[in-house]
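Data block for run.txt (compact mmCIF, C-alpha atoms):
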```
# COMPACT_ATOMS: atom_id res chain seq x y z
CA MET A 1 -71.95 -26.47 -162.03
CA PRO A 2 -68.26 -26.63 -162.88
CA SER A 3 -66.05 -23.89 -161.58
CA ALA A 4 -64.34 -21.33 -163.77
CA GLU A 5 -61.12 -23.33 -163.56
CA GLN A 6 -62.91 -26.30 -165.15
CA SER A 7 -65.05 -24.56 -167.80
CA ASP A 8 -62.63 -25.18 -170.69
CA PHE A 9 -62.31 -28.80 -169.69
CA PHE A 10 -66.05 -29.38 -169.73
CA GLY A 11 -66.56 -27.29 -172.85
CA ASP A 12 -64.12 -29.21 -175.08
CA THR A 13 -63.63 -32.94 -174.67
CA SER A 14 -62.05 -33.57 -178.05
CA ALA A 15 -58.84 -35.56 -178.42
CA ALA A 16 -56.92 -32.37 -179.16
CA ALA A 17 -58.12 -30.79 -175.94
CA ALA A 18 -57.34 -33.99 -174.06
CA ARG A 19 -53.72 -33.87 -175.15
CA SER A 20 -53.25 -30.25 -174.11
CA SER A 21 -53.38 -28.59 -170.75
CA ALA A 22 -53.04 -25.09 -172.16
CA SER A 23 -56.64 -24.14 -171.42
CA SER A 24 -56.25 -24.89 -167.71
CA LEU A 25 -52.62 -23.82 -167.40
CA PRO A 26 -51.99 -20.68 -169.46
CA ALA A 27 -48.41 -20.04 -170.52
CA LYS A 28 -48.54 -16.44 -169.32
CA PRO A 29 -50.56 -15.72 -166.17
CA PRO A 30 -52.89 -12.70 -166.11
CA ALA A 31 -51.27 -9.52 -164.79
CA ASN A 32 -53.95 -9.10 -162.13
CA GLN A 33 -53.03 -12.37 -160.44
CA PRO A 34 -51.14 -12.18 -157.14
CA LEU A 35 -47.37 -12.37 -157.51
CA ALA A 36 -47.26 -15.85 -155.95
CA ALA A 37 -49.58 -17.17 -158.68
CA ARG A 38 -47.68 -15.40 -161.47
CA MET A 39 -44.33 -16.78 -160.27
CA ARG A 40 -45.57 -20.33 -159.88
CA PRO A 41 -42.97 -22.78 -161.31
CA ARG A 42 -43.60 -24.09 -164.83
CA THR A 43 -41.01 -26.87 -164.84
CA LEU A 44 -39.66 -29.25 -162.24
CA PRO A 45 -36.22 -27.54 -162.03
CA GLU A 46 -37.96 -24.24 -161.15
CA ILE A 47 -39.35 -25.75 -157.92
CA VAL A 48 -37.02 -24.73 -155.10
CA GLY A 49 -36.41 -26.11 -151.66
CA GLN A 50 -37.68 -29.67 -152.24
CA GLU A 51 -34.50 -31.21 -153.62
CA GLN A 52 -35.25 -34.50 -151.87
CA LEU A 53 -38.12 -34.86 -154.38
CA THR A 54 -36.75 -33.10 -157.47
CA ALA A 55 -33.14 -34.32 -157.58
CA PRO A 56 -32.16 -36.31 -160.70
CA GLY A 57 -32.77 -39.98 -160.08
CA ALA A 58 -35.37 -39.36 -157.36
CA LEU A 59 -38.66 -41.25 -157.64
CA LEU A 60 -40.90 -38.33 -158.61
CA PRO A 61 -38.93 -37.13 -161.68
CA ARG A 62 -38.78 -40.72 -162.92
CA LEU A 63 -42.54 -41.14 -162.52
CA ILE A 64 -43.16 -37.89 -164.40
CA ALA A 65 -40.69 -38.76 -167.19
CA THR A 66 -42.32 -42.13 -167.86
CA ASN A 67 -45.85 -40.77 -167.31
CA ARG A 68 -46.78 -44.07 -165.71
CA PHE A 69 -47.65 -42.95 -162.20
CA GLY A 70 -50.93 -43.55 -160.40
CA SER A 71 -52.33 -41.24 -157.76
CA LEU A 72 -50.09 -38.91 -155.76
CA ILE A 73 -50.60 -37.13 -152.45
CA PHE A 74 -48.44 -34.16 -151.48
CA TYR A 75 -48.33 -33.44 -147.77
CA GLY A 76 -46.69 -30.38 -146.23
CA PRO A 77 -47.16 -26.92 -144.70
CA PRO A 78 -48.70 -23.96 -146.57
CA GLY A 79 -46.69 -22.39 -149.36
CA CYS A 80 -44.16 -25.19 -149.78
CA GLY A 81 -45.02 -26.15 -153.39
CA LYS A 82 -47.87 -28.69 -153.38
CA THR A 83 -49.93 -26.90 -156.03
CA SER A 84 -46.78 -26.15 -158.05
CA PHE A 85 -45.96 -29.84 -158.24
CA ALA A 86 -49.48 -30.59 -159.50
CA GLU A 87 -49.31 -27.96 -162.25
CA VAL A 88 -45.80 -28.96 -163.31
CA ILE A 89 -46.87 -32.60 -163.57
CA ALA A 90 -49.86 -31.59 -165.69
CA ARG A 91 -47.66 -29.53 -168.03
CA GLU A 92 -44.88 -32.09 -168.41
CA THR A 93 -47.27 -34.99 -169.00
CA LYS A 94 -49.63 -32.89 -171.18
CA SER A 95 -52.54 -34.21 -169.18
CA ARG A 96 -56.15 -33.14 -169.11
CA PHE A 97 -56.10 -31.15 -165.87
CA VAL A 98 -59.02 -30.47 -163.54
CA ARG A 99 -58.54 -28.51 -160.35
CA ILE A 100 -61.00 -28.35 -157.44
CA ASN A 101 -60.79 -27.18 -153.87
CA ALA A 102 -62.30 -29.56 -151.33
CA VAL A 103 -63.64 -26.64 -149.27
CA MET A 104 -65.79 -25.32 -152.13
CA SER A 105 -66.59 -28.57 -153.94
CA ASN A 106 -69.50 -30.92 -153.33
CA VAL A 107 -70.64 -34.42 -154.27
CA ALA A 108 -72.64 -33.26 -157.30
CA GLU A 109 -69.64 -31.48 -158.81
CA LEU A 110 -67.40 -34.44 -158.09
CA ARG A 111 -69.82 -36.87 -159.73
CA GLU A 112 -69.95 -34.67 -162.84
CA ILE A 113 -66.17 -34.54 -163.08
CA LEU A 114 -65.86 -38.31 -162.70
CA THR A 115 -68.61 -38.97 -165.25
CA THR A 116 -66.83 -36.79 -167.81
CA ALA A 117 -63.51 -38.45 -166.99
CA ARG A 118 -65.02 -41.86 -167.70
CA ARG A 119 -66.48 -40.66 -171.00
CA THR A 120 -63.13 -39.29 -172.19
CA SER A 121 -60.86 -41.95 -170.73
CA GLY A 122 -60.09 -43.28 -174.22
CA ASP A 123 -57.95 -40.18 -174.75
CA GLY A 124 -56.06 -40.81 -171.51
CA PRO A 125 -56.82 -40.40 -167.82
CA THR A 126 -57.87 -37.09 -166.32
CA LEU A 127 -55.43 -35.53 -163.88
CA LEU A 128 -57.68 -34.47 -161.01
CA PHE A 129 -56.03 -32.10 -158.54
CA ILE A 130 -57.86 -31.76 -155.21
CA ASP A 131 -56.51 -29.02 -153.01
CA GLU A 132 -57.09 -29.42 -149.27
CA LEU A 133 -57.98 -33.07 -149.75
CA HIS A 134 -58.37 -33.51 -145.98
CA ARG A 135 -61.57 -31.42 -146.17
CA PHE A 136 -63.34 -34.16 -148.12
CA ASN A 137 -65.34 -36.41 -145.84
CA LYS A 138 -65.22 -40.21 -146.00
CA SER A 139 -68.12 -40.45 -148.49
CA GLN A 140 -66.52 -37.97 -150.87
CA GLN A 141 -63.18 -39.75 -150.69
CA ASP A 142 -64.88 -43.12 -151.23
CA LEU A 143 -66.55 -41.70 -154.34
CA LEU A 144 -63.12 -41.34 -155.95
CA LEU A 145 -62.07 -44.94 -155.41
CA PRO A 146 -63.74 -46.73 -158.38
CA ASP A 147 -62.41 -44.25 -160.95
CA VAL A 148 -58.97 -44.19 -159.36
CA GLU A 149 -58.99 -48.00 -159.36
CA GLU A 150 -60.06 -48.18 -163.02
CA GLY A 151 -57.56 -45.52 -164.10
CA HIS A 152 -60.14 -43.03 -165.39
CA VAL A 153 -58.60 -40.38 -163.14
CA ARG A 154 -55.17 -39.92 -161.68
CA LEU A 155 -55.61 -38.14 -158.38
CA ILE A 156 -53.18 -35.56 -157.09
CA GLY A 157 -54.14 -34.58 -153.58
CA ALA A 158 -52.65 -31.70 -151.59
CA THR A 159 -53.01 -31.46 -147.83
CA THR A 160 -51.44 -29.66 -144.92
CA HIS A 161 -52.64 -32.45 -142.61
CA ASN A 162 -51.19 -35.85 -141.87
CA PRO A 163 -52.76 -38.12 -144.53
CA GLY A 164 -52.64 -41.05 -142.12
CA PHE A 165 -55.35 -39.34 -140.07
CA TYR A 166 -57.38 -37.58 -142.75
CA VAL A 167 -57.25 -39.72 -145.91
CA ASN A 168 -59.21 -42.96 -146.08
CA PRO A 169 -56.92 -46.01 -145.93
CA PRO A 170 -58.17 -47.47 -149.28
CA LEU A 171 -57.39 -44.19 -151.06
CA LEU A 172 -54.08 -43.80 -149.26
CA SER A 173 -53.02 -47.33 -150.18
CA ARG A 174 -53.56 -46.53 -153.87
CA SER A 175 -51.41 -43.39 -153.79
CA HIS A 176 -47.74 -42.48 -153.61
CA LEU A 177 -47.22 -40.18 -150.62
CA PHE A 178 -44.66 -37.36 -150.88
CA ARG A 179 -43.85 -35.23 -147.86
CA LEU A 180 -42.79 -31.63 -148.52
CA GLU A 181 -40.73 -29.69 -145.99
CA PRO A 182 -41.02 -25.99 -145.06
CA LEU A 183 -38.83 -24.00 -147.40
CA ALA A 184 -35.47 -22.85 -146.12
CA THR A 185 -34.87 -19.12 -145.76
CA ALA A 186 -32.32 -19.12 -148.59
CA ALA A 187 -34.75 -20.82 -150.98
CA VAL A 188 -37.54 -18.33 -150.26
CA ALA A 189 -35.16 -15.38 -150.57
CA SER A 190 -33.84 -16.63 -153.92
CA VAL A 191 -37.33 -16.75 -155.43
CA MET A 192 -38.13 -13.25 -154.13
CA LYS A 193 -34.90 -11.95 -155.68
CA ARG A 194 -35.87 -13.53 -158.98
CA ALA A 195 -39.35 -12.01 -158.75
CA LEU A 196 -37.90 -8.52 -158.27
CA ALA A 197 -35.98 -8.86 -161.53
CA ASP A 198 -38.53 -10.78 -163.63
CA MET A 199 -40.00 -8.43 -166.26
CA GLU A 200 -42.59 -10.90 -167.60
CA ARG A 201 -44.19 -12.42 -164.52
CA GLY A 202 -42.61 -10.61 -161.61
CA LEU A 203 -42.05 -7.06 -160.40
CA GLY A 204 -39.18 -6.13 -162.72
CA ALA A 205 -41.14 -3.28 -164.30
CA ARG A 206 -41.23 -1.49 -160.95
CA GLY A 207 -37.43 -1.34 -160.77
CA CYS A 208 -37.28 -1.90 -157.02
CA THR A 209 -34.27 -3.52 -155.37
CA ALA A 210 -33.50 -5.17 -152.05
CA ASP A 211 -30.35 -6.37 -150.33
CA ASP A 212 -30.00 -10.10 -149.73
CA ALA A 213 -30.19 -9.48 -145.98
CA VAL A 214 -33.56 -7.72 -146.31
CA LEU A 215 -34.98 -10.54 -148.42
CA ALA A 216 -33.67 -13.08 -145.92
CA ASP A 217 -35.36 -11.20 -143.07
CA LEU A 218 -38.66 -11.17 -144.96
CA ALA A 219 -38.31 -14.88 -145.64
CA VAL A 220 -37.82 -15.52 -141.92
CA LEU A 221 -40.96 -13.53 -141.10
CA CYS A 222 -42.95 -15.75 -143.47
CA ASP A 223 -41.96 -19.07 -141.81
CA GLY A 224 -41.00 -20.95 -144.96
CA ASP A 225 -44.29 -20.04 -146.71
CA LEU A 226 -43.25 -18.96 -150.22
CA ARG A 227 -46.76 -17.86 -151.21
CA ARG A 228 -46.96 -15.55 -148.23
CA ALA A 229 -43.45 -14.22 -148.86
CA LEU A 230 -44.11 -13.35 -152.51
CA ASN A 231 -47.43 -11.70 -151.79
CA SER A 232 -45.85 -9.73 -148.93
CA LEU A 233 -43.06 -8.63 -151.26
CA GLU A 234 -45.63 -7.48 -153.81
CA VAL A 235 -47.46 -5.39 -151.20
CA ILE A 236 -44.20 -3.72 -150.16
CA VAL A 237 -43.12 -3.00 -153.74
CA LEU A 238 -46.50 -1.58 -154.76
CA SER A 239 -46.47 0.69 -151.70
CA LEU A 240 -43.15 2.26 -152.78
CA PRO A 241 -42.30 4.60 -155.66
CA GLU A 242 -40.72 2.95 -158.70
CA ASN A 243 -36.97 2.34 -158.58
CA SER A 244 -36.97 2.40 -154.76
CA ALA A 245 -34.81 0.30 -152.47
CA ILE A 246 -36.59 -1.95 -149.97
CA THR A 247 -35.02 -1.47 -146.54
CA ALA A 248 -35.53 -2.84 -143.04
CA THR A 249 -37.94 0.02 -142.37
CA GLU A 250 -40.45 -1.45 -144.83
CA LEU A 251 -40.32 -4.78 -142.98
CA GLU A 252 -41.18 -3.32 -139.59
CA ALA A 253 -44.94 -3.37 -140.22
CA PHE A 254 -44.77 -7.03 -141.27
CA ALA A 255 -42.70 -7.87 -138.21
CA ARG A 256 -45.29 -6.26 -135.93
CA GLU A 257 -48.14 -8.13 -137.60
CA ARG A 258 -46.32 -11.45 -137.92
CA ARG A 259 -48.76 -14.32 -137.59
CA ILE A 260 -47.52 -17.65 -136.22
CA ARG A 261 -48.57 -20.67 -138.28
CA TYR A 262 -50.63 -22.58 -135.75
CA ASP A 263 -53.85 -24.45 -136.52
CA ALA A 264 -55.77 -25.04 -133.31
CA ASP A 265 -57.24 -28.55 -133.01
CA GLU A 266 -55.27 -29.75 -136.03
CA ASP A 267 -51.77 -31.14 -136.74
CA GLU A 268 -49.83 -28.06 -135.62
CA HIS A 269 -51.74 -28.06 -132.34
CA TYR A 270 -50.94 -31.68 -131.54
CA ASP A 271 -47.33 -31.54 -132.73
CA THR A 272 -46.56 -28.40 -130.71
CA ILE A 273 -48.14 -29.59 -127.46
CA SER A 274 -46.28 -32.87 -127.91
CA ALA A 275 -42.98 -30.97 -128.23
CA PHE A 276 -43.90 -28.89 -125.17
CA ILE A 277 -44.68 -31.94 -123.03
CA LYS A 278 -41.53 -33.79 -124.10
CA SER A 279 -39.37 -30.71 -123.48
CA CYS A 280 -40.72 -30.41 -119.93
CA ARG A 281 -40.28 -34.14 -119.35
CA GLY A 282 -36.76 -33.97 -120.80
CA SER A 283 -35.79 -31.12 -118.42
CA ASP A 284 -35.13 -28.57 -121.18
CA PRO A 285 -36.56 -25.27 -119.91
CA ASP A 286 -35.43 -23.33 -122.99
CA ALA A 287 -37.27 -25.60 -125.42
CA ALA A 288 -40.30 -25.73 -123.13
CA MET A 289 -40.51 -21.92 -123.03
CA TYR A 290 -40.12 -21.70 -126.81
CA TRP A 291 -43.02 -24.06 -127.46
CA LEU A 292 -45.09 -22.29 -124.80
CA ALA A 293 -44.47 -18.95 -126.55
CA LYS A 294 -45.42 -20.46 -129.90
CA MET A 295 -48.71 -21.79 -128.53
CA LEU A 296 -49.56 -18.48 -126.86
CA GLY A 297 -48.61 -16.56 -130.01
CA GLY A 298 -50.74 -18.89 -132.12
CA GLY A 299 -53.84 -18.33 -129.99
CA GLU A 300 -53.89 -21.63 -128.09
CA ASP A 301 -56.40 -21.83 -125.23
CA PRO A 302 -54.30 -21.15 -122.07
CA ARG A 303 -56.52 -23.52 -120.07
CA PHE A 304 -55.50 -26.35 -122.39
CA ILE A 305 -51.83 -25.62 -121.68
CA ALA A 306 -52.55 -25.44 -117.94
CA ARG A 307 -54.33 -28.80 -118.00
CA ARG A 308 -51.29 -30.39 -119.63
CA LEU A 309 -49.08 -28.87 -116.92
CA VAL A 310 -51.30 -30.37 -114.20
CA ILE A 311 -50.97 -33.79 -115.84
CA LEU A 312 -47.20 -33.39 -116.22
CA ALA A 313 -46.84 -32.47 -112.56
CA SER A 314 -48.14 -35.88 -111.48
CA GLU A 315 -47.17 -38.03 -114.44
CA ASP A 316 -43.56 -36.95 -114.84
CA VAL A 317 -42.54 -35.10 -111.65
CA GLY A 318 -44.66 -36.71 -108.98
CA LEU A 319 -43.07 -37.13 -105.57
CA ALA A 320 -39.66 -36.03 -106.81
CA ASP A 321 -41.05 -32.50 -106.32
CA ALA A 322 -44.47 -32.57 -104.68
CA LEU A 323 -44.82 -28.77 -105.11
CA ALA A 324 -45.17 -29.14 -108.87
CA LEU A 325 -48.80 -30.26 -108.71
CA PRO A 326 -50.19 -27.44 -106.54
CA LEU A 327 -48.19 -24.96 -108.59
CA ALA A 328 -49.67 -26.30 -111.85
CA VAL A 329 -53.17 -26.23 -110.35
CA ALA A 330 -52.54 -22.63 -109.29
CA ALA A 331 -51.51 -21.78 -112.86
CA HIS A 332 -54.76 -23.29 -114.13
CA HIS A 333 -56.68 -21.23 -111.58
CA ALA A 334 -54.80 -18.10 -112.71
CA CYS A 335 -55.96 -18.69 -116.29
CA GLU A 336 -59.56 -18.59 -115.09
CA PHE A 337 -59.12 -15.90 -112.44
CA VAL A 338 -56.75 -13.47 -114.14
CA GLY A 339 -57.07 -14.31 -117.86
CA LEU A 340 -54.76 -13.36 -120.68
CA PRO A 341 -52.32 -11.75 -121.14
CA GLU A 342 -51.30 -11.68 -117.45
CA ALA A 343 -51.98 -15.43 -116.99
CA GLU A 344 -49.03 -16.05 -119.31
CA TYR A 345 -46.73 -15.34 -116.34
CA ALA A 346 -48.33 -18.12 -114.30
CA LEU A 347 -48.05 -20.55 -117.21
CA ALA A 348 -44.38 -19.63 -117.68
CA HIS A 349 -43.82 -19.99 -113.91
CA ALA A 350 -45.32 -23.50 -113.84
CA THR A 351 -43.57 -24.50 -117.07
CA LEU A 352 -40.13 -23.53 -115.77
CA HIS A 353 -40.74 -25.19 -112.40
CA ILE A 354 -41.77 -28.47 -114.01
CA ALA A 355 -39.00 -28.40 -116.64
CA CYS A 356 -36.37 -27.74 -113.96
CA ALA A 357 -37.77 -30.15 -111.35
CA PRO A 358 -36.29 -33.61 -110.71
CA LYS A 359 -38.34 -36.16 -112.61
CA SER A 360 -40.07 -39.29 -111.40
CA ASN A 361 -42.74 -41.39 -113.06
CA SER A 362 -43.20 -43.54 -109.97
CA VAL A 363 -46.79 -42.28 -109.59
CA THR A 364 -47.57 -43.36 -113.15
CA LEU A 365 -45.91 -46.74 -112.71
CA ALA A 366 -47.52 -47.41 -109.32
CA LEU A 367 -50.98 -46.60 -110.67
CA ALA A 368 -50.43 -48.83 -113.71
CA ALA A 369 -49.16 -51.67 -111.52
CA ALA A 370 -52.15 -51.36 -109.18
CA LYS A 371 -54.61 -51.38 -112.10
CA HIS A 372 -52.88 -54.42 -113.55
CA ALA A 373 -53.04 -56.25 -110.22
CA VAL A 374 -56.76 -55.50 -109.87
CA SER A 375 -57.60 -56.55 -113.43
CA SER A 376 -55.34 -59.61 -113.79
CA GLN A 377 -55.66 -61.29 -110.39
CA PRO A 378 -58.58 -62.29 -108.18
CA VAL A 379 -59.78 -59.18 -106.36
CA GLN A 380 -58.63 -59.30 -102.75
CA SER A 381 -61.11 -59.01 -99.93
CA VAL A 382 -60.55 -56.25 -97.42
CA PRO A 383 -58.87 -57.80 -94.32
CA LEU A 384 -61.23 -57.90 -91.31
CA PRO A 385 -59.06 -55.70 -89.05
CA VAL A 386 -59.19 -52.76 -91.48
CA ARG A 387 -62.86 -53.03 -92.45
CA ASP A 388 -65.31 -50.40 -91.27
CA LYS A 389 -66.86 -51.44 -87.95
CA GLY A 390 -69.76 -49.02 -88.00
CA GLY A 391 -73.13 -50.62 -87.18
CA GLN A 392 -74.01 -53.66 -85.09
CA ALA A 393 -73.97 -56.08 -88.02
CA SER A 394 -70.39 -55.13 -88.86
CA LYS A 395 -69.28 -55.49 -85.29
CA ARG A 396 -70.92 -58.93 -84.97
CA ALA A 397 -69.11 -59.95 -88.18
CA GLY A 398 -65.79 -59.04 -86.57
CA HIS A 399 -65.06 -55.96 -88.69
CA GLY A 400 -62.25 -53.92 -87.19
CA LYS A 401 -61.29 -56.59 -84.68
CA GLY A 402 -57.52 -56.71 -84.23
CA TYR A 403 -56.89 -53.31 -85.83
CA ARG A 404 -53.72 -51.69 -84.53
CA TYR A 405 -53.85 -47.91 -84.29
CA SER A 406 -50.67 -46.72 -85.99
CA HIS A 407 -50.13 -43.72 -83.71
CA ASP A 408 -49.71 -46.03 -80.73
CA TYR A 409 -46.47 -47.46 -82.17
CA PRO A 410 -42.96 -46.06 -82.69
CA GLU A 411 -42.65 -44.22 -86.03
CA ASN A 412 -46.35 -45.07 -86.57
CA ILE A 413 -45.45 -48.57 -87.77
CA SER A 414 -47.68 -51.23 -86.20
CA GLY A 415 -46.52 -54.15 -88.33
CA GLN A 416 -50.04 -54.67 -89.61
CA ASP A 417 -50.79 -55.78 -93.21
CA TYR A 418 -53.42 -53.86 -95.13
CA LEU A 419 -53.76 -56.41 -97.95
CA GLU A 420 -54.53 -60.09 -97.53
CA THR A 421 -51.69 -60.78 -99.96
CA PRO A 422 -49.10 -57.98 -99.81
CA LEU A 423 -48.02 -56.48 -103.16
CA ALA A 424 -45.07 -54.30 -104.17
CA LEU A 425 -46.54 -51.63 -106.48
CA TYR A 426 -44.74 -48.37 -105.67
CA GLU A 427 -41.01 -48.12 -106.42
CA PRO A 428 -39.71 -44.66 -105.46
CA LYS A 429 -37.09 -43.02 -107.64
CA LEU A 430 -33.87 -41.91 -105.98
CA LEU A 431 -34.22 -38.28 -107.14
CA GLY A 432 -35.02 -35.10 -105.25
CA PRO A 433 -37.20 -35.39 -102.14
CA GLU A 434 -38.38 -38.80 -103.33
CA ALA A 435 -34.99 -40.20 -102.40
CA LYS A 436 -35.90 -39.42 -98.78
CA ILE A 437 -39.19 -41.26 -99.30
CA ALA A 438 -37.23 -44.30 -100.51
CA GLU A 439 -35.08 -44.20 -97.38
CA ARG A 440 -38.13 -43.82 -95.16
CA LEU A 441 -40.00 -46.71 -96.78
CA ALA A 442 -36.94 -48.96 -96.46
CA ARG A 443 -36.71 -48.12 -92.75
CA TRP A 444 -40.43 -48.79 -92.22
CA LYS A 445 -40.20 -52.08 -94.10
CA GLU A 446 -37.39 -53.15 -91.78
CA LEU A 447 -39.36 -52.10 -88.67
CA LYS A 448 -42.46 -53.93 -89.89
CA ALA A 449 -40.47 -57.12 -90.48
CA GLN A 450 -38.98 -56.87 -86.97
CA ILE A 451 -42.41 -56.40 -85.36
CA GLN A 452 -43.95 -59.28 -87.32
CA ALA A 453 -40.99 -61.55 -86.41
CA LYS A 454 -41.72 -61.03 -82.69
CA ARG A 455 -45.36 -62.17 -82.98
```
Give the structure from the file, written as structure tokens.
Amino acid sequence: MPSAEQSDFFGDTSAAAARSSASSLPAKPPANQPLAARMRPRTLPEIVGQEQLTAPGALLPRLIATNRFGSLIFYGPPGCGKTSFAEVIARETKSRFVRINAVMSNVAELREILTTARRTSGDGPTLLFIDELHRFNKSQQDLLLPDVEEGHVRLIGATTHNPGFYVNPPLLSRSHLFRLEPLATAAVASVMKRALADMERGLGARGCTADDAVLADLAVLCDGDLRRALNSLEVIVLSLPENSAITATELEAFARERRIRYDADEDEHYDTISAFIKSCRGSDPDAAMYWLAKMLGGGEDPRFIARRLVILASEDVGLADALALPLAVAAHHACEFVGLPEAEYALAHATLHIACAPKSNSVTLALAAAKHAVSSQPVQSVPLPVRDKGGQASKRAGHGKGYRYSHDYPENISGQDYLETPLALYEPKLLGPEAKIAERLARWKELKAQIQAKR
């Protein structure tokens, strides 16, 4: 069955209804709606903080003005204006507007919407807004394709996830993609100030006031999420007597309960761990600690962070600081043995050590070179002198014959080859303790050449 948001659409499919979006988008929102819904922009100029999309001459305003656009996908963090863009487009193009949420919708509902859109397409295409488009599976997204292709519906999708990973390529190729940025503090604060004064849709009737600095602090606490900022403002205002001033005291509870925007196993998770890894690799302990704190504050599994540190210790530090690996392993053990919150100290300890350590990827390069040699060349046989000589059959075959015991020679260099065809796979970096390794290997190479020259 259609949702309440769609009932007027399904109940009246006349040409008059098709030309008007008033039934789906009332001019005056109900008073019992949250403040964020009541203050939703009604025109393109009212949308704040996305000037790269709304500026005169930009692509989106031109598409709306000509009303000749196809499907659109808006991609960005929560509360940045994706739904507002959809409603503004519906108003300014006077389109038949249907709104569904991919979390609550199903195939049957979608089929019904598309069937009705086909039946009424003579009066113009249906503007179908799908919130959280990434929640639709491949089959549901594929179901949209024929009607999008034929022009029966114009899709507007909203997603907080990277469309390249979550939207089917055929649907993505038929859509204009617009990326929205988190709203700046000043933009969020300006809308809250307007909401305090707005008598029709905002909180003007309460007569409450707030200094610009207080509104800016609240905007910061809400991480660029305008919906969250407006609804927080409404809670504060309704908790105060009329004609009160909002002060820093009223923000203290929100500051204590501040929730970091962090979606485990989704885009925020991968982007943040990527920033953490690259900060450690780039020897920036301040950035590394910041991203570590964000992950811990967002509820990331500490064992996941510890595993990344173990990998970093070998991949990016390696022999330039051989202590990094056991320290990272110890941090991982601490996560299991001690648990949170105390294990945070071990994670911070390992993070700072790795970020401040000299860096070398010689382990990574040597392993890659060895794998390449094994896969791209004939596999070498083990030389007879270094084969295992256990058992009579091995001894009769000459295994181990001619082996030179390294400890019987100066500096443990016997001059023996351990590959039939010697290869150069490991190139030490001249950083930290690995520089000493480079010197040592050069000395041993010289000794080996001298020994072999005498034979």
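The space between CA of Gly70 (chain A) and CA of Pro182 (chain A) spans 25.3 Å.
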List every residue of region 144-244 of chain A that has an atom at most 6 Å from any atom of region 77-91 of chain A, giving for each one its closest atom pair and the distance in Å to one decimal, counting only C-alpha atoms, sorted by chain and then by ascending residue number, as JSON lines.
```
{"residue": "A:Ala158", "atom": "CA", "partner": "A:Lys82", "partner_atom": "CA", "distance": 5.9}
{"residue": "A:Thr160", "atom": "CA", "partner": "A:Pro77", "partner_atom": "CA", "distance": 5.1}
{"residue": "A:Pro182", "atom": "CA", "partner": "A:Cys80", "partner_atom": "CA", "distance": 5.7}
{"residue": "A:Leu183", "atom": "CA", "partner": "A:Cys80", "partner_atom": "CA", "distance": 6.0}
{"residue": "A:Asp225", "atom": "CA", "partner": "A:Gly79", "partner_atom": "CA", "distance": 4.3}
{"residue": "A:Leu226", "atom": "CA", "partner": "A:Gly79", "partner_atom": "CA", "distance": 4.9}
{"residue": "A:Arg227", "atom": "CA", "partner": "A:Gly79", "partner_atom": "CA", "distance": 4.9}
```
### Message
When you look at region 357-360 of chain A with a cut-off of 10 Å (counting all atoms listed in the file), what residues show up, excluding the ones that are within fewer than 4 positions of it in the same chain? I need them as a VMD selection string.
### Response
chain A and resid 280 to 283 285 312 to 324 351 to 353 364 to 365 428 to 434
Report as lines of an AutoDock Vina configuration file the centre and the edge lengths, in Å to one decimal, of the axis-aligned box holding every listed atom of region 199-204 of chain A, padded by 4 Å on each side.
```
center_x = -41.7
center_y = -9.3
center_z = -164.0
size_x = 13.0
size_y = 14.3
size_z = 15.2
```
### Query
Which residue gives the smallest distance to Leu145 (chain A) among A:Ala55, A:Ala36, A:Leu114, A:Leu203, with all atoms listed in the file counted?
A:Leu114
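The smallest atom-to-atom distance between Met192 (chain A) and any of A:Val214, A:Leu233, A:Val103, A:Ile277, using all atoms listed in the file, is found for A:Leu233.
For the pair CA of Met104 (chain A) and CA of Gly76 (chain A), the separation is 20.6 Å.
Proximity ranking of A:Asp417, A:Glu427, A:Asp284, A:Glu342 relative to Ser362 (chain A) places A:Glu427 first, based on only C-alpha atoms.
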### Query
Hey, what's within 10 Å of Glu46 (chain A) if we count only C-alpha atoms and toss same-chain stuff fewer than 5 positions away? As a ChimeraX atom specification, please?
/A:39-41,54,84,88,191
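When CA of Ala449 (chain A) is paired with CA of Gly415 (chain A), their separation reads 7.1 Å.
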Determine, counting only C-alpha atoms, which protein, DNA and RNA residues have an atom within 10 Å of an atom of Phe276 (chain A); residues of the same chain fewer than 5 positions away are not included. Present the result as a PDB file with C-alpha atoms, in the frame of the given file.
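File produced: selection_21.pdb:
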```pdb
ATOM      1  CA  TYR A 270     -50.940 -31.680-131.540  1.00  0.00           C
ATOM      2  CA  ASP A 271     -47.330 -31.540-132.730  1.00  0.00           C
ATOM      3  CA  ARG A 281     -40.280 -34.140-119.350  1.00  0.00           C
ATOM      4  CA  GLY A 282     -36.760 -33.970-120.800  1.00  0.00           C
ATOM      5  CA  ASP A 284     -35.130 -28.570-121.180  1.00  0.00           C
ATOM      6  CA  PRO A 285     -36.560 -25.270-119.910  1.00  0.00           C
ATOM      7  CA  ALA A 287     -37.270 -25.600-125.420  1.00  0.00           C
ATOM      8  CA  ALA A 288     -40.300 -25.730-123.130  1.00  0.00           C
ATOM      9  CA  MET A 289     -40.510 -21.920-123.030  1.00  0.00           C
ATOM     10  CA  TYR A 290     -40.120 -21.700-126.810  1.00  0.00           C
ATOM     11  CA  TRP A 291     -43.020 -24.060-127.460  1.00  0.00           C
ATOM     12  CA  LEU A 292     -45.090 -22.290-124.800  1.00  0.00           C
ATOM     13  CA  LYS A 294     -45.420 -20.460-129.900  1.00  0.00           C
ATOM     14  CA  MET A 295     -48.710 -21.790-128.530  1.00  0.00           C
ATOM     15  CA  ILE A 305     -51.830 -25.620-121.680  1.00  0.00           C
ATOM     16  CA  ARG A 308     -51.290 -30.390-119.630  1.00  0.00           C
ATOM     17  CA  LEU A 309     -49.080 -28.870-116.920  1.00  0.00           C
ATOM     18  CA  THR A 351     -43.570 -24.500-117.070  1.00  0.00           C
ATOM     19  CA  ALA A 355     -39.000 -28.400-116.640  1.00  0.00           C
TER      20      ALA A 355
END
```
